[in-house]
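**Student:** Got data_39.cif for you, mmCIF, N, CA and C atoms, pLDDT in the B column; chains and numbers go by the auth columns:
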```cif
data_protein
loop_
_atom_site.group_PDB
_atom_site.id
_atom_site.type_symbol
_atom_site.label_atom_id
_atom_site.label_comp_id
_atom_site.label_asym_id
_atom_site.label_seq_id
_atom_site.Cartn_x
_atom_site.Cartn_y
_atom_site.Cartn_z
_atom_site.B_iso_or_equiv
_atom_site.auth_seq_id
_atom_site.auth_asym_id
ATOM 1 N N THR A 1 39.301 85.563 -72.469 91.00 29 A
ATOM 2 C CA THR A 1 40.546 85.096 -73.041 91.00 29 A
ATOM 3 C C THR A 1 40.491 83.585 -73.268 91.00 29 A
ATOM 4 N N TYR A 2 40.007 82.854 -72.257 93.00 30 A
ATOM 5 C CA TYR A 2 39.922 81.385 -72.384 93.00 30 A
ATOM 6 C C TYR A 2 38.989 81.002 -73.532 93.00 30 A
ATOM 7 N N TYR A 3 37.841 81.675 -73.606 95.00 31 A
ATOM 8 C CA TYR A 3 36.876 81.420 -74.682 95.00 31 A
ATOM 9 C C TYR A 3 37.524 81.689 -76.040 95.00 31 A
ATOM 10 N N ASP A 4 38.198 82.816 -76.166 96.00 32 A
ATOM 11 C CA ASP A 4 38.852 83.166 -77.430 96.00 32 A
ATOM 12 C C ASP A 4 39.909 82.143 -77.812 96.00 32 A
ATOM 13 N N ARG A 5 40.658 81.640 -76.820 96.00 33 A
ATOM 14 C CA ARG A 5 41.677 80.628 -77.094 96.00 33 A
ATOM 15 C C ARG A 5 41.037 79.342 -77.613 96.00 33 A
ATOM 16 N N LYS A 6 39.916 78.946 -77.023 96.00 34 A
ATOM 17 C CA LYS A 6 39.221 77.742 -77.478 96.00 34 A
ATOM 18 C C LYS A 6 38.678 77.925 -78.888 96.00 34 A
ATOM 19 N N ARG A 7 38.179 79.132 -79.182 97.00 35 A
ATOM 20 C CA ARG A 7 37.701 79.390 -80.539 97.00 35 A
ATOM 21 C C ARG A 7 38.851 79.318 -81.532 97.00 35 A
ATOM 22 N N ALA A 8 40.016 79.838 -81.138 97.00 36 A
ATOM 23 C CA ALA A 8 41.185 79.804 -82.011 97.00 36 A
ATOM 24 C C ALA A 8 41.649 78.371 -82.248 97.00 36 A
ATOM 25 N N GLU A 9 41.358 77.476 -81.293 97.00 37 A
ATOM 26 C CA GLU A 9 41.698 76.064 -81.458 97.00 37 A
ATOM 27 C C GLU A 9 40.759 75.373 -82.435 97.00 37 A
ATOM 28 N N GLY A 10 39.714 76.076 -82.856 97.00 38 A
ATOM 29 C CA GLY A 10 38.800 75.526 -83.841 97.00 38 A
ATOM 30 C C GLY A 10 37.480 75.044 -83.271 97.00 38 A
ATOM 31 N N LYS A 11 37.247 75.265 -81.995 96.00 39 A
ATOM 32 C CA LYS A 11 35.980 74.846 -81.395 96.00 39 A
ATOM 33 C C LYS A 11 34.874 75.822 -81.788 96.00 39 A
ATOM 34 N N LYS A 12 33.680 75.282 -81.955 97.00 40 A
ATOM 35 C CA LYS A 12 32.529 76.128 -82.260 97.00 40 A
ATOM 36 C C LYS A 12 32.077 76.827 -80.985 97.00 40 A
ATOM 37 N N HIS A 13 31.183 77.778 -81.132 97.00 41 A
ATOM 38 C CA HIS A 13 30.719 78.608 -80.016 97.00 41 A
ATOM 39 C C HIS A 13 30.234 77.754 -78.843 97.00 41 A
ATOM 40 N N ASN A 14 29.328 76.823 -79.105 97.00 42 A
ATOM 41 C CA ASN A 14 28.758 76.025 -78.014 97.00 42 A
ATOM 42 C C ASN A 14 29.817 75.184 -77.313 97.00 42 A
ATOM 43 N N ALA A 15 30.731 74.582 -78.053 97.00 43 A
ATOM 44 C CA ALA A 15 31.784 73.763 -77.459 97.00 43 A
ATOM 45 C C ALA A 15 32.721 74.625 -76.609 97.00 43 A
ATOM 46 N N ALA A 16 33.021 75.831 -77.085 97.00 44 A
ATOM 47 C CA ALA A 16 33.886 76.739 -76.330 97.00 44 A
ATOM 48 C C ALA A 16 33.202 77.172 -75.033 97.00 44 A
ATOM 49 N N LEU A 17 31.895 77.399 -75.071 97.00 45 A
ATOM 50 C CA LEU A 17 31.157 77.759 -73.863 97.00 45 A
ATOM 51 C C LEU A 17 31.153 76.613 -72.857 97.00 45 A
ATOM 52 N N ILE A 18 31.009 75.400 -73.332 97.00 46 A
ATOM 53 C CA ILE A 18 31.039 74.234 -72.445 97.00 46 A
ATOM 54 C C ILE A 18 32.405 74.112 -71.782 97.00 46 A
ATOM 55 N N CYS A 19 33.471 74.325 -72.541 96.00 47 A
ATOM 56 C CA CYS A 19 34.827 74.297 -71.977 96.00 47 A
ATOM 57 C C CYS A 19 34.977 75.371 -70.901 96.00 47 A
ATOM 58 N N LEU A 20 34.453 76.563 -71.174 96.00 48 A
ATOM 59 C CA LEU A 20 34.538 77.658 -70.216 96.00 48 A
ATOM 60 C C LEU A 20 33.750 77.338 -68.950 96.00 48 A
ATOM 61 N N ALA A 21 32.565 76.777 -69.107 97.00 49 A
ATOM 62 C CA ALA A 21 31.752 76.412 -67.939 97.00 49 A
ATOM 63 C C ALA A 21 32.465 75.355 -67.105 97.00 49 A
ATOM 64 N N ARG A 22 33.086 74.384 -67.767 96.00 50 A
ATOM 65 C CA ARG A 22 33.813 73.347 -67.041 96.00 50 A
ATOM 66 C C ARG A 22 34.964 73.942 -66.242 96.00 50 A
ATOM 67 N N ARG A 23 35.670 74.877 -66.855 94.00 51 A
ATOM 68 C CA ARG A 23 36.787 75.527 -66.159 94.00 51 A
ATOM 69 C C ARG A 23 36.290 76.280 -64.926 94.00 51 A
ATOM 70 N N ARG A 24 35.164 76.978 -65.064 93.00 52 A
ATOM 71 C CA ARG A 24 34.593 77.698 -63.922 93.00 52 A
ATOM 72 C C ARG A 24 34.204 76.725 -62.811 93.00 52 A
ATOM 73 N N CYS A 25 33.612 75.605 -63.176 96.00 53 A
ATOM 74 C CA CYS A 25 33.231 74.592 -62.181 96.00 53 A
ATOM 75 C C CYS A 25 34.460 74.040 -61.475 96.00 53 A
ATOM 76 N N ASP A 26 35.523 73.819 -62.212 94.00 54 A
ATOM 77 C CA ASP A 26 36.760 73.312 -61.607 94.00 54 A
ATOM 78 C C ASP A 26 37.313 74.313 -60.592 94.00 54 A
ATOM 79 N N VAL A 27 37.270 75.595 -60.919 91.00 55 A
ATOM 80 C CA VAL A 27 37.757 76.633 -60.014 91.00 55 A
ATOM 81 C C VAL A 27 36.888 76.687 -58.759 91.00 55 A
ATOM 82 N N LEU A 28 35.582 76.655 -58.938 93.00 56 A
ATOM 83 C CA LEU A 28 34.678 76.690 -57.787 93.00 56 A
ATOM 84 C C LEU A 28 34.884 75.474 -56.890 93.00 56 A
ATOM 85 N N TYR A 29 35.035 74.301 -57.488 95.00 57 A
ATOM 86 C CA TYR A 29 35.257 73.088 -56.705 95.00 57 A
ATOM 87 C C TYR A 29 36.553 73.207 -55.892 95.00 57 A
ATOM 88 N N ALA A 30 37.614 73.702 -56.511 93.00 58 A
ATOM 89 C CA ALA A 30 38.889 73.855 -55.808 93.00 58 A
ATOM 90 C C ALA A 30 38.761 74.841 -54.652 93.00 58 A
ATOM 91 N N MET A 31 37.998 75.918 -54.857 93.00 59 A
ATOM 92 C CA MET A 31 37.791 76.897 -53.784 93.00 59 A
ATOM 93 C C MET A 31 37.066 76.259 -52.608 93.00 59 A
ATOM 94 N N ILE A 32 36.037 75.467 -52.893 95.00 60 A
ATOM 95 C CA ILE A 32 35.275 74.813 -51.824 95.00 60 A
ATOM 96 C C ILE A 32 36.132 73.762 -51.129 95.00 60 A
ATOM 97 N N LYS A 33 36.836 72.966 -51.909 96.00 61 A
ATOM 98 C CA LYS A 33 37.663 71.893 -51.357 96.00 61 A
ATOM 99 C C LYS A 33 38.753 72.448 -50.447 96.00 61 A
ATOM 100 N N ASN A 34 39.369 73.549 -50.853 94.00 62 A
ATOM 101 C CA ASN A 34 40.476 74.127 -50.091 94.00 62 A
ATOM 102 C C ASN A 34 40.021 75.191 -49.098 94.00 62 A
ATOM 103 N N ASN A 35 38.705 75.421 -49.041 94.00 63 A
ATOM 104 C CA ASN A 35 38.129 76.402 -48.129 94.00 63 A
ATOM 105 C C ASN A 35 38.796 77.771 -48.298 94.00 63 A
ATOM 106 N N GLU A 36 38.903 78.218 -49.545 92.00 64 A
ATOM 107 C CA GLU A 36 39.530 79.497 -49.868 92.00 64 A
ATOM 108 C C GLU A 36 38.502 80.457 -50.437 92.00 64 A
ATOM 109 N N PRO A 37 38.543 81.720 -50.041 89.00 65 A
ATOM 110 C CA PRO A 37 37.640 82.702 -50.641 89.00 65 A
ATOM 111 C C PRO A 37 38.119 83.066 -52.048 89.00 65 A
ATOM 112 N N TYR A 38 37.232 83.655 -52.813 84.00 66 A
ATOM 113 C CA TYR A 38 37.588 84.112 -54.155 84.00 66 A
ATOM 114 C C TYR A 38 38.566 85.274 -54.054 84.00 66 A
ATOM 115 N N ARG A 39 39.607 85.236 -54.858 83.00 67 A
ATOM 116 C CA ARG A 39 40.581 86.334 -54.927 83.00 67 A
ATOM 117 C C ARG A 39 40.499 86.947 -56.320 83.00 67 A
ATOM 118 N N GLN A 40 40.263 88.220 -56.368 82.00 68 A
ATOM 119 C CA GLN A 40 40.198 88.919 -57.650 82.00 68 A
ATOM 120 C C GLN A 40 41.558 88.839 -58.326 82.00 68 A
ATOM 121 N N PRO A 41 41.622 88.368 -59.577 78.00 69 A
ATOM 122 C CA PRO A 41 42.917 88.309 -60.252 78.00 69 A
ATOM 123 C C PRO A 41 43.493 89.700 -60.482 78.00 69 A
ATOM 124 N N ALA A 42 44.800 89.801 -60.369 79.00 70 A
ATOM 125 C CA ALA A 42 45.466 91.088 -60.600 79.00 70 A
ATOM 126 C C ALA A 42 45.368 91.423 -62.082 79.00 70 A
ATOM 127 N N THR A 43 45.081 92.672 -62.382 75.00 71 A
ATOM 128 C CA THR A 43 44.988 93.097 -63.785 75.00 71 A
ATOM 129 C C THR A 43 46.380 93.467 -64.268 75.00 71 A
ATOM 130 N N ALA A 44 46.639 93.154 -65.518 65.00 72 A
ATOM 131 C CA ALA A 44 47.938 93.477 -66.110 65.00 72 A
ATOM 132 C C ALA A 44 48.010 94.971 -66.412 65.00 72 A
ATOM 133 N N ALA A 45 49.122 95.576 -66.135 62.00 73 A
ATOM 134 C CA ALA A 45 49.318 96.998 -66.426 62.00 73 A
ATOM 135 C C ALA A 45 49.469 97.177 -67.931 62.00 73 A
ATOM 136 N N ALA A 46 48.778 98.159 -68.474 55.00 74 A
ATOM 137 C CA ALA A 46 48.828 98.371 -69.924 55.00 74 A
ATOM 138 C C ALA A 46 49.877 99.362 -70.317 55.00 74 A
#
```
Show this structure as structure tokens.
**Tutor:**
Amino acid sequence: TYYDRKRAEGKKHNAALICLARRRCDVLYAMIKNNEPYRQPATAAA
């Protein structure tokens, strides 16, 4: 979803992937900093 949103903003494939990687790094850093385990996101009911 995040990748698709970046593409819709007009970013090319490589730029959108870099944005996605940065977001993943930010999440991992926050997990380490706050000493929190990964929590599986709840899926939306269809």
**Student:** With a distance cut-off of 6.5 Å and all atoms listed in the file, select the neighbouring residues of region 29-38 of chain A, excluding the residue or stretch itself and same-chain residues fewer than 3 positions from it, and output the selection as a list in words.
**Tutor:**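 Selected residues are Ala44, Leu45 and Leu48 of chain A.
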**Student:** So which bits of chain A end up alpha helix (DSSP H) when you DSSP the backbone, as a list of chain:residue names?
**Tutor:**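 Alpha helix (DSSP H) members of chain A, listed: A:Tyr30, A:Tyr31, A:Asp32, A:Arg33, A:Lys34, A:Arg35, A:Ala36, A:His41, A:Asn42, A:Ala43, A:Ala44, A:Leu45, A:Ile46, A:Cys47, A:Leu48, A:Ala49, A:Arg50, A:Arg51, A:Arg52, A:Cys53, A:Asp54, A:Val55, A:Leu56, A:Tyr57, A:Ala58, A:Met59, A:Ile60, A:Lys61.
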**Student:** What's the separation between atom N of His41 (chain A) and CA of Cys53 (chain A), in Å to one decimal place?
**Tutor:**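 Separation between atom N of His41 (chain A) and CA of Cys53 (chain A): 19.3 Å.
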**Student:** What's the separation between atom C of Lys39 (chain A) and atom N of Arg51 (chain A), in Å to one decimal place?
**Tutor:**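 According to the coordinates, atom C of Lys39 (chain A) and atom N of Arg51 (chain A) are separated by 15.0 Å.
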**Student:** Quick one: 6 Å padding each side, axis-aligned, all listed atoms of region 35-41 of chain A - centre and edge lengths in Å to one decimal, as lines of an AutoDock Vina configuration file?
**Tutor:**
```
center_x = 36.0
center_y = 77.3
center_z = -81.3
size_x = 23.5
size_y = 17.0
size_z = 17.0
```
**Student:** Could you jot down the CA of Pro69 (chain A) to CA of Cys47 (chain A) separation for me, Å, one decimal place?
**Tutor:** 20.0 Å
